[in-house]
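Enquirer: See data32.csv below, with CSV, C-alpha atoms and all ligand atoms.
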chain,number,residue,atom,x,y,z
B,1,MET,CA,43.7,65.4,36.0
B,2,ASP,CA,42.5,62.0,34.7
B,3,THR,CA,38.7,61.7,34.5
B,4,ILE,CA,37.3,58.3,35.1
B,5,VAL,CA,34.4,57.5,32.9
B,6,LEU,CA,32.0,55.1,34.6
B,7,LYS,CA,29.5,53.5,32.2
B,8,ILE,CA,26.3,52.6,34.0
B,9,GLN,CA,22.8,51.8,32.9
B,10,GLN,CA,20.9,50.8,36.0
B,11,GLU,CA,21.1,51.7,39.6
B,12,GLU,CA,20.3,48.4,41.2
B,13,LYS,CA,22.8,46.3,39.3
B,14,ASP,CA,25.6,48.8,39.7
B,15,ARG,CA,25.6,49.5,43.5
B,16,GLU,CA,29.3,48.8,43.6
B,17,LYS,CA,30.0,51.5,41.0
B,18,LEU,CA,27.9,54.0,42.8
B,19,ARG,CA,29.8,53.2,46.0
B,20,GLN,CA,33.0,54.0,44.1
B,21,ALA,CA,31.6,57.3,42.9
B,22,ALA,CA,30.2,58.2,46.4
B,23,LYS,CA,33.6,57.6,47.9
B,24,ILE,CA,35.1,60.3,45.6
B,25,LEU,CA,32.4,62.7,46.7
B,26,ARG,CA,33.0,62.0,50.4
B,27,LYS,CA,36.7,62.7,49.9
B,28,GLY,CA,35.9,66.1,48.4
B,29,GLY,CA,36.1,65.2,44.7
B,30,LEU,CA,33.8,66.1,41.7
B,31,VAL,CA,31.5,63.5,40.1
B,32,ALA,CA,29.2,64.3,37.1
B,33,PHE,CA,26.0,62.2,37.1
B,34,PRO,CA,22.7,61.9,35.2
B,35,THR,CA,19.5,63.3,36.6
B,36,GLU,CA,16.0,63.3,35.0
B,37,THR,CA,16.4,67.0,34.1
B,38,VAL,CA,20.1,67.4,32.9
B,39,TYR,CA,23.4,66.0,34.0
B,40,GLY,CA,24.7,67.5,37.3
B,41,LEU,CA,28.3,68.2,38.5
B,42,GLY,CA,28.3,67.0,42.1
B,43,ALA,CA,30.4,67.7,45.2
B,44,ASN,CA,29.9,67.4,48.9
B,45,GLY,CA,27.6,70.4,49.5
B,46,LEU,CA,28.7,70.8,53.2
B,47,ASP,CA,32.4,71.0,52.3
B,48,PRO,CA,33.3,74.6,51.1
B,49,GLU,CA,36.6,73.3,49.6
B,50,ALA,CA,34.8,70.7,47.5
B,51,THR,CA,32.2,73.2,46.3
B,52,ALA,CA,34.9,75.7,45.4
B,53,LYS,CA,36.2,73.1,42.9
B,54,ILE,CA,32.8,73.1,41.1
B,55,TYR,CA,33.1,76.9,40.4
B,56,GLU,CA,36.7,76.3,39.2
B,57,ALA,CA,35.8,73.4,36.9
B,58,LYS,CA,32.8,75.1,35.3
B,59,GLY,CA,34.3,78.6,35.2
B,60,ARG,CA,31.1,79.7,37.1
B,61,PRO,CA,30.8,83.1,38.7
B,62,SER,CA,31.2,82.7,42.5
B,63,ASP,CA,27.9,84.6,43.3
B,64,ASN,CA,25.8,82.0,41.6
B,65,PRO,CA,24.5,79.7,44.3
B,66,LEU,CA,24.3,75.9,44.0
B,67,ILE,CA,21.4,73.5,44.4
B,68,LEU,CA,21.7,70.9,47.2
B,69,HIS,CA,20.4,67.5,46.1
B,70,ILE,CA,19.0,65.0,48.7
B,71,SER,CA,17.6,61.5,48.5
B,72,ARG,CA,15.3,61.4,51.6
B,73,ARG,CA,12.7,63.9,52.9
B,74,GLU,CA,14.2,63.8,56.4
B,75,ASP,CA,17.6,65.0,55.1
B,76,LEU,CA,16.0,68.4,54.4
B,77,VAL,CA,15.4,69.2,58.1
B,78,PRO,CA,19.1,70.0,59.2
B,79,LEU,CA,19.7,72.2,56.1
B,80,VAL,CA,16.9,74.7,56.6
B,81,LYS,CA,15.6,77.1,59.3
B,82,GLU,CA,11.9,76.4,58.7
B,83,ILE,CA,9.6,74.5,56.3
B,84,PRO,CA,6.6,76.6,55.3
B,85,PRO,CA,3.3,74.7,54.9
B,86,VAL,CA,3.2,75.5,51.2
B,87,ALA,CA,6.6,73.8,50.8
B,88,GLU,CA,5.2,70.7,52.4
B,89,LYS,CA,2.4,70.6,49.9
B,90,LEU,CA,4.8,71.1,46.9
B,91,MET,CA,7.2,68.4,48.2
B,92,GLU,CA,4.2,66.0,48.7
B,93,CYS,CA,3.2,66.5,45.0
B,94,PHE,CA,6.5,66.9,43.1
B,95,TRP,CA,9.3,65.3,45.1
B,96,PRO,CA,11.2,63.4,43.9
B,97,GLY,CA,11.2,65.2,40.6
B,98,PRO,CA,12.2,68.4,38.7
B,99,LEU,CA,11.3,71.0,41.4
B,100,THR,CA,13.8,73.0,43.4
B,101,LEU,CA,12.7,74.9,46.5
B,102,ILE,CA,14.4,77.9,48.1
B,103,PHE,CA,14.4,77.9,51.9
B,104,LYS,CA,16.1,80.0,54.6
B,105,LYS,CA,19.3,78.1,55.2
B,106,SER,CA,20.5,76.7,58.5
B,107,ALA,CA,24.0,77.3,59.9
B,108,LEU,CA,25.1,73.9,58.6
B,109,VAL,CA,25.1,75.1,55.0
B,110,PRO,CA,28.3,77.0,54.1
B,111,LYS,CA,27.9,80.4,52.3
B,112,ARG,CA,30.3,79.1,49.7
B,113,THR,CA,27.5,76.8,48.6
B,114,THR,CA,24.8,79.5,48.5
B,115,GLY,CA,26.9,82.2,46.8
B,116,GLY,CA,26.8,84.2,50.0
B,117,LEU,CA,23.0,84.2,50.4
B,118,ASP,CA,21.0,83.3,53.5
B,119,THR,CA,18.8,81.0,51.5
B,120,VAL,CA,19.5,77.6,50.1
B,121,ALA,CA,18.1,75.7,47.0
B,122,ILE,CA,17.1,72.1,47.6
B,123,ARG,CA,16.0,69.4,45.2
B,124,MET,CA,15.3,65.7,45.4
B,125,PRO,CA,15.9,64.1,41.9
B,126,SER,CA,13.9,61.1,40.8
B,127,HIS,CA,16.5,59.6,38.5
B,128,PRO,CA,17.6,56.2,40.0
B,129,ILE,CA,21.3,56.8,39.4
B,130,ALA,CA,21.2,60.3,41.0
B,131,HIS,CA,19.1,58.9,43.8
B,132,GLY,CA,21.4,56.0,44.4
B,133,LEU,CA,24.5,58.1,44.3
B,134,ILE,CA,23.2,60.7,46.8
B,135,LYS,CA,22.0,58.0,49.1
B,136,GLU,CA,25.4,56.3,49.0
B,137,ALA,CA,27.3,59.6,49.5
B,138,LYS,CA,25.3,60.2,52.8
B,139,VAL,CA,25.8,64.0,52.4
B,140,PRO,CA,23.8,66.6,50.5
B,141,ILE,CA,25.3,66.9,47.0
B,142,ALA,CA,25.7,70.4,45.6
B,143,ALA,CA,25.2,70.1,41.8
B,144,PRO,CA,24.9,72.7,39.1
B,145,SER,CA,24.4,71.5,35.5
B,146,ALA,CA,27.6,69.7,34.3
B,147,ASN,CA,28.5,72.1,31.5
B,148,LEU,CA,31.1,74.8,31.2
B,149,SER,CA,29.5,78.1,32.3
B,150,GLY,CA,27.6,79.8,29.5
B,151,LYS,CA,27.2,76.6,27.4
B,152,PRO,CA,23.9,74.6,27.1
B,153,SER,CA,23.2,72.2,29.9
B,154,PRO,CA,24.3,68.6,29.2
B,155,THR,CA,21.5,66.1,28.5
B,156,LYS,CA,23.9,63.3,27.4
B,157,ALA,CA,27.1,61.9,28.9
B,158,GLU,CA,29.0,62.9,25.7
B,159,HIS,CA,28.1,66.6,26.4
B,160,VAL,CA,29.7,66.3,29.8
B,161,MET,CA,32.8,64.6,28.4
B,162,HIS,CA,33.1,67.4,25.8
B,163,ASP,CA,33.0,70.1,28.4
B,164,LEU,CA,34.6,68.6,31.5
B,165,MET,CA,37.0,65.8,30.5
B,166,GLY,CA,40.3,66.3,32.4
B,167,ARG,CA,38.7,68.9,34.8
B,168,ILE,CA,36.8,66.6,37.2
B,169,ASP,CA,37.4,63.2,38.9
B,170,MET,CA,34.6,61.1,37.4
B,171,ILE,CA,31.8,61.1,34.9
B,172,ILE,CA,29.0,58.6,35.4
B,173,ALA,CA,27.9,58.0,31.8
B,174,GLY,CA,24.3,56.9,32.0
B,175,PRO,CA,21.3,57.3,29.7
B,176,ALA,CA,20.2,60.7,28.2
B,177,SER,CA,18.2,62.9,30.6
B,178,ASN,CA,14.5,62.4,29.7
B,179,ILE,CA,13.2,65.9,30.6
B,180,GLY,CA,16.1,67.8,29.0
B,181,LEU,CA,15.5,71.2,30.7
B,182,GLU,CA,16.5,72.1,34.3
B,183,SER,CA,14.2,71.9,37.3
B,184,THR,CA,11.7,74.6,38.1
B,185,VAL,CA,13.1,76.9,40.9
B,186,VAL,CA,10.4,78.1,43.4
B,187,ASP,CA,11.1,80.5,46.2
B,188,VAL,CA,8.9,79.5,49.2
B,189,THR,CA,10.4,82.1,51.5
B,190,SER,CA,8.3,85.0,50.0
B,191,ALA,CA,4.7,85.7,51.1
B,192,ILE,CA,3.4,84.3,47.7
B,193,PRO,CA,5.6,81.5,46.3
B,194,THR,CA,7.5,82.7,43.3
B,195,ILE,CA,8.9,80.9,40.2
B,196,LEU,CA,12.5,82.1,39.8
B,197,ARG,CA,13.2,79.8,36.9
B,198,PRO,CA,10.6,77.9,34.8
B,199,GLY,CA,11.4,74.2,34.3
B,200,GLY,CA,10.2,70.6,34.4
B,201,ILE,CA,7.2,71.3,36.7
B,202,THR,CA,4.9,73.8,35.0
B,203,TYR,CA,3.2,77.0,36.2
B,204,GLU,CA,-0.1,75.3,35.6
B,205,GLN,CA,0.8,72.3,37.8
B,206,LEU,CA,2.0,74.6,40.6
B,207,LYS,CA,-1.0,76.8,40.5
B,208,LYS,CA,-3.3,73.8,40.7
B,209,THR,CA,-1.5,72.5,43.8
B,210,ILE,CA,-1.1,75.7,45.8
B,211,GLY,CA,-3.5,78.2,44.2
B,212,LYS,CA,-1.3,81.3,44.5
B,213,ILE,CA,2.0,81.4,42.6
B,214,GLU,CA,3.9,84.3,41.0
B,215,ILE,CA,6.5,84.5,38.3
B,216,ASP,CA,9.6,86.6,39.1
B,217,LYS,CA,9.4,89.9,37.2
B,218,GLY,CA,13.1,89.7,36.4
B,219,ILE,CA,12.6,86.6,34.1
B,220,GLN,CA,9.5,88.0,32.3
B,221,GLU,CA,10.4,89.0,28.7
B,222,ASP,CA,8.5,92.3,28.8
B,223,LEU,CA,9.7,93.3,32.3
B,224,LYS,CA,13.3,92.1,32.4
B,225,GLU,CA,14.7,95.5,31.5
B,226,THR,CA,13.2,97.0,34.7
B,227,PHE,CA,13.6,94.1,37.2
B,228,LYS,CA,16.6,92.0,38.2
B,229,PRO,CA,16.1,88.2,38.4
B,230,LYS,CA,16.0,86.8,41.9
B,231,ALA,CA,17.9,83.7,41.0
B,232,PRO,CA,21.5,85.0,40.4
B,233,GLY,CA,22.0,82.4,37.6
B,234,MET,CA,19.2,83.8,35.5
B,235,LYS,CA,21.0,87.1,34.9
B,236,TYR,CA,23.9,85.5,33.0
B,237,THR,CA,24.0,84.8,29.2
B,238,HIS,CA,23.4,81.1,29.0
B,239,TYR,CA,23.0,78.2,26.6
B,240,ALA,CA,24.5,80.4,23.9
B,241,PRO,CA,25.6,78.6,20.8
B,242,SER,CA,28.7,80.2,19.2
B,243,ALA,CA,26.7,81.6,16.2
B,244,PRO,CA,24.1,84.4,16.7
B,245,MET,CA,20.6,83.0,16.9
B,246,THR,CA,17.3,84.8,16.0
B,247,ILE,CA,13.8,83.6,17.0
B,248,VAL,CA,11.1,84.2,14.5
B,249,GLN,CA,7.6,84.5,15.9
B,250,GLY,CA,4.2,84.9,14.2
B,251,PRO,CA,1.7,83.0,12.0
B,252,ARG,CA,3.1,79.7,10.6
B,253,ASN,CA,3.4,80.7,7.0
B,254,ALA,CA,4.9,84.1,7.7
B,255,VAL,CA,7.5,82.5,10.0
B,256,ILE,CA,8.5,80.0,7.3
B,257,GLU,CA,8.6,82.7,4.6
B,258,LYS,CA,10.8,85.0,6.7
B,259,ILE,CA,13.3,82.2,7.7
B,260,ASN,CA,13.6,81.0,4.1
B,261,LYS,CA,14.2,84.5,2.8
B,262,SER,CA,16.8,85.3,5.4
B,263,THR,CA,18.5,81.9,4.9
B,264,GLU,CA,18.8,82.6,1.2
B,265,GLU,CA,20.4,86.0,1.8
B,266,TYR,CA,23.0,84.5,4.2
B,267,ILE,CA,23.8,81.7,1.8
B,268,LYS,CA,24.4,84.2,-1.0
B,269,GLN,CA,27.0,85.8,1.3
B,270,GLY,CA,28.7,82.4,1.7
B,271,LYS,CA,27.4,81.8,5.2
B,272,LYS,CA,26.3,78.5,6.7
B,273,VAL,CA,22.8,78.7,8.2
B,274,GLY,CA,21.3,76.5,10.8
B,275,ILE,CA,17.5,76.3,11.2
B,276,LEU,CA,15.7,75.0,14.3
B,277,ALA,CA,12.2,74.0,13.0
B,278,THR,CA,9.4,72.2,14.5
B,279,GLU,CA,8.8,68.7,13.0
B,280,ASP,CA,5.6,70.0,11.5
B,281,ASN,CA,7.5,72.4,9.3
B,282,VAL,CA,10.9,70.9,8.5
B,283,LYS,CA,10.0,70.0,4.9
B,284,LYS,CA,9.1,73.7,4.3
B,285,TYR,CA,12.8,74.7,4.3
B,286,SER,CA,14.8,73.7,1.3
B,287,LYS,CA,18.1,75.4,2.2
B,288,GLY,CA,20.4,75.5,5.2
B,289,LEU,CA,21.0,72.9,7.8
B,290,VAL,CA,17.5,72.1,9.1
B,291,LEU,CA,17.2,70.4,12.5
B,292,SER,CA,13.9,69.2,14.0
B,293,LEU,CA,13.0,70.5,17.4
B,294,GLY,CA,10.2,68.0,17.8
B,295,LYS,CA,6.5,68.2,17.4
B,296,ARG,CA,4.5,71.3,18.3
B,297,ASP,CA,1.8,69.1,19.9
B,298,LYS,CA,4.5,67.2,21.9
B,299,PRO,CA,6.4,70.1,23.6
B,300,GLU,CA,8.1,67.5,25.9
B,301,SER,CA,9.9,66.3,22.9
B,302,ILE,CA,11.1,69.8,22.1
B,303,ALA,CA,12.3,70.2,25.7
B,304,ALA,CA,14.2,66.9,25.5
B,305,ASN,CA,15.9,67.9,22.2
B,306,LEU,CA,16.7,71.6,22.6
B,307,PHE,CA,20.1,71.6,24.4
B,308,ALA,CA,21.5,68.7,22.3
B,309,LEU,CA,20.5,70.6,19.1
B,310,LEU,CA,22.2,73.8,20.3
B,311,ARG,CA,25.4,71.9,20.8
B,312,GLN,CA,25.0,70.2,17.4
B,313,LEU,CA,24.8,73.6,15.7
B,314,ASP,CA,28.1,74.5,17.4
B,315,LEU,CA,29.8,71.3,16.2
B,316,GLU,CA,28.5,71.9,12.6
B,317,GLY,CA,30.1,75.3,12.7
B,318,VAL,CA,27.1,77.3,11.4
B,319,ASP,CA,27.5,81.1,11.1
B,320,VAL,CA,24.0,82.1,11.9
B,321,ILE,CA,20.9,80.4,13.4
B,322,PHE,CA,17.1,80.9,12.9
B,323,ALA,CA,14.6,79.2,15.2
B,324,GLU,CA,10.8,79.1,15.0
B,325,GLY,CA,9.0,80.5,18.0
B,326,ILE,CA,7.2,78.2,20.4
B,327,THR,CA,4.0,78.8,22.4
B,328,SER,CA,4.7,79.4,26.1
B,329,ASP,CA,2.0,77.3,27.9
B,330,GLY,CA,2.9,74.3,30.0
B,331,ILE,CA,6.5,73.1,29.6
B,332,GLY,CA,6.6,75.7,26.7
B,333,MET,CA,7.3,78.4,29.3
B,334,ALA,CA,10.7,76.8,30.1
B,335,ILE,CA,11.5,76.1,26.5
B,336,VAL,CA,10.8,79.7,25.5
B,337,ASN,CA,12.9,81.0,28.4
B,338,ARG,CA,15.9,78.8,27.4
B,339,MET,CA,15.5,79.6,23.7
B,340,ASN,CA,15.2,83.4,24.4
B,341,LYS,CA,18.4,83.2,26.4
B,342,ALA,CA,20.2,81.1,23.7
B,343,ALA,CA,19.2,83.8,21.3
B,344,GLY,CA,20.4,86.7,23.6
B,345,HIS,CA,16.7,87.9,23.3
B,346,ARG,CA,17.0,88.5,19.5
B,347,ILE,CA,13.3,87.9,18.7
B,348,VAL,CA,11.7,89.0,15.5
B,349,GLN,CA,7.9,89.3,15.1
B,350,VAL,CA,6.5,88.8,11.6
N,1,LIG,O1,17.6,70.5,37.1
N,1,LIG,C1,18.4,71.1,37.8
N,1,LIG,O2,18.1,72.0,38.6
N,1,LIG,C2,19.9,70.8,37.6
N,1,LIG,C3,20.2,69.4,38.0
N,1,LIG,C4,21.7,69.0,37.9
N,1,LIG,O3,19.7,69.2,39.3
N,1,LIG,N1,20.8,71.8,38.3
N,1,LIG,C5,20.9,73.1,37.9
N,1,LIG,O4,21.7,73.8,38.7
N,1,LIG,O5,20.3,73.5,36.9
N,1,LIG,P1,22.3,75.2,38.2
N,1,LIG,O6,23.3,75.6,39.2
N,1,LIG,O7,22.7,75.1,36.8
N,1,LIG,O8,21.1,76.2,38.3
N,1,LIG,C6,20.6,76.6,39.6
N,1,LIG,C7,19.8,77.8,39.5
N,1,LIG,C8,20.6,79.0,39.2
N,1,LIG,O9,19.9,79.9,38.4
N,1,LIG,C9,20.8,79.7,40.6
N,1,LIG,O10,21.1,81.0,40.5
N,1,LIG,C10,19.5,79.3,41.3
N,1,LIG,O11,19.2,78.0,40.8
N,1,LIG,N2,19.6,79.3,42.8
N,1,LIG,C11,20.3,78.4,43.5
N,1,LIG,N3,20.3,78.8,44.8
N,1,LIG,C12,19.5,79.9,44.9
N,1,LIG,C13,19.1,80.7,46.0
N,1,LIG,N4,19.4,80.5,47.3
N,1,LIG,N5,18.3,81.8,45.7
N,1,LIG,C14,17.9,82.0,44.4
N,1,LIG,N6,18.3,81.3,43.4
N,1,LIG,C15,19.1,80.2,43.6
N,2,MG,MG,23.2,75.6,34.8
What would the structure in this file look like if it were written as structure tokens?
Expert:
Amino acid sequence: MDTIVLKIQQEEKDREKLRQAAKILRKGGLVAFPTETVYGLGANGLDPEATAKIYEAKGRPSDNPLILHISRREDLVPLVKEIPPVAEKLMECFWPGPLTLIFKKSALVPKRTTGGLDTVAIRMPSHPIAHGLIKEAKVPIAAPSANLSGKPSPTKAEHVMHDLMGRIDMIIAGPASNIGLESTVVDVTSAIPTILRPGGITYEQLKKTIGKIEIDKGIQEDLKETFKPKAPGMKYTHYAPSAPMTIVQGPRNAVIEKINKSTEEYIKQGKKVGILATEDNVKKYSKGLVLSLGKRDKPESIAANLFALLRQLDLEGVDVIFAEGITSDGIGMAIVNRMNKAAGHRIVQV
């Protein structure tokens, strides 16, 4: 299949291009597009044949449900059975933006879209290109991250081209995603709303807005052996670079010492070592390929860089990766979650 690459910088000036893309979506095709979190791979979410193509293009397990993306608040109503008051509050505060809510689905939403579940995930992106495209398409757009299943989510158009060129109808090549991690997924069907995936909206922000909020036991590092994640997607290996990655946690100097020592040992064996260091520490490593995650006191920068760096390490062909541990408050919870998965939960405490 020939993939059209549509370069576009701003929604308003490029209405004609968005119309062209929306037409492909309405005809049952696949279009990748930028959002504020990561690039998405869109299809008509109400057309089971169209959503089936998403699973095929990504190599995604069919039990992993898709998020429906809408552009207007009223477009939510036909897709869900009920809207709990707590959801109203969350939408008021965080839509449009990086928050996905899980509702009981209406009969309109095909089970192919929800991985066979009776619930449906819905999000309203704030990105002008995503917003404009969904509005033009006039149907809810099912869109997982636009990467091959298992690979880091794409934060730049070039990542999407690398993974999906020739497999989908169109790629809208816009600017890099500014948040860089996926949306927070919150289940509002449970008695107490529950975070199923940490993301762009933080635990602290949610707690401040609605008071009571839980974190799914299946995604907590110390409980994940006992509990199964409620979001099917959270059980799969993800974001994994080709080389094995180890996260080193502990006091600053001990972490640096440990990574330097291990790096030297691997280099002696003729291996190529990649190091993901915070900007504060990059100069402390003299050997290996050292990449800066961003500043510790600016975790948003780390969130924005992480997936691109994991992809870069793959392209550089490193044999082994060491990463400094990050604190897990604020957006840090989402960063730590993605890093732990990328590392297959190989975490060393020094
Ligand atoms: O930021 C994002 O959310 C991006 C952009 C493109 O919007 N999309 C994204 O989609 O990350 P995806 O498919 O890569 O991740 C969706 C997550 C998966 O972990 C999936 O299992 C979970 O949401 N999910 C979707 N529907 C669900 C449902 N009904 N119940 C529980 N979890 C659900
Ligand atoms: Mg994904």
Enquirer: With only C-alpha atoms as the basis for distance, which of B:Gln9, B:Lys295, B:Pro198, B:Tyr285 is at the shortest distance from Asp329 of chain B?
Expert: B:Pro198
Enquirer: Is it possible to get the residues within 10 Å of (26.0, 71.2, 28.5) (coordinates as in the file, counting only C-alpha atoms) written as a PyMOL selection string?
Expert: chain B and resi 38-40+145-164+239+307-308+310-311
Enquirer: For a quick check of understanding, using all atoms listed in the file, which of B:Val273, B:Ala143, B:Val80, B:Ile215 has the smallest distance to ligand MG 2 (chain N)?
Expert: B:Ala143
Enquirer: List all protein, DNA and RNA residues that have any atom at most 8 Å from ligand LIG 1 (chain N), counting all atoms listed in the file, and write the list as a ChimeraX atom specification.
Expert: /B:34-41,64-67,69,98-100,102-103,114-115,117-123,125,143-146,153,181-185,187,196-197,199-200,230-234
Enquirer: Counting all atoms listed in the file, which residue out of B:Lys105, B:Asp280, B:Gly211, B:Gly132 sits closest to Gly294 of chain B?
Expert: B:Asp280
Enquirer: Tell me which of B:Glu300, B:Asp47, B:Glu74, B:Asp222 sits closest to Ile141 of chain B, counting all atoms listed in the file.
Expert: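 The shortest atom-to-atom distance to Ile141 of chain B comes from B:Asp47.
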Enquirer: Report, in Å with one decimal, the straight-line distance from atom CA of Ile259 of chain B to atom CA of Ala243 of chain B.
Expert: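 Interatomic distance, atom CA of Ile259 of chain B to atom CA of Ala243 of chain B: 15.9 Å.
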Enquirer: Counting only C-alpha atoms, which residue out of B:Gln269, B:Ser328, B:Gln10, B:Asn337 sits closest to Ala173 of chain B?
Expert: B:Gln10
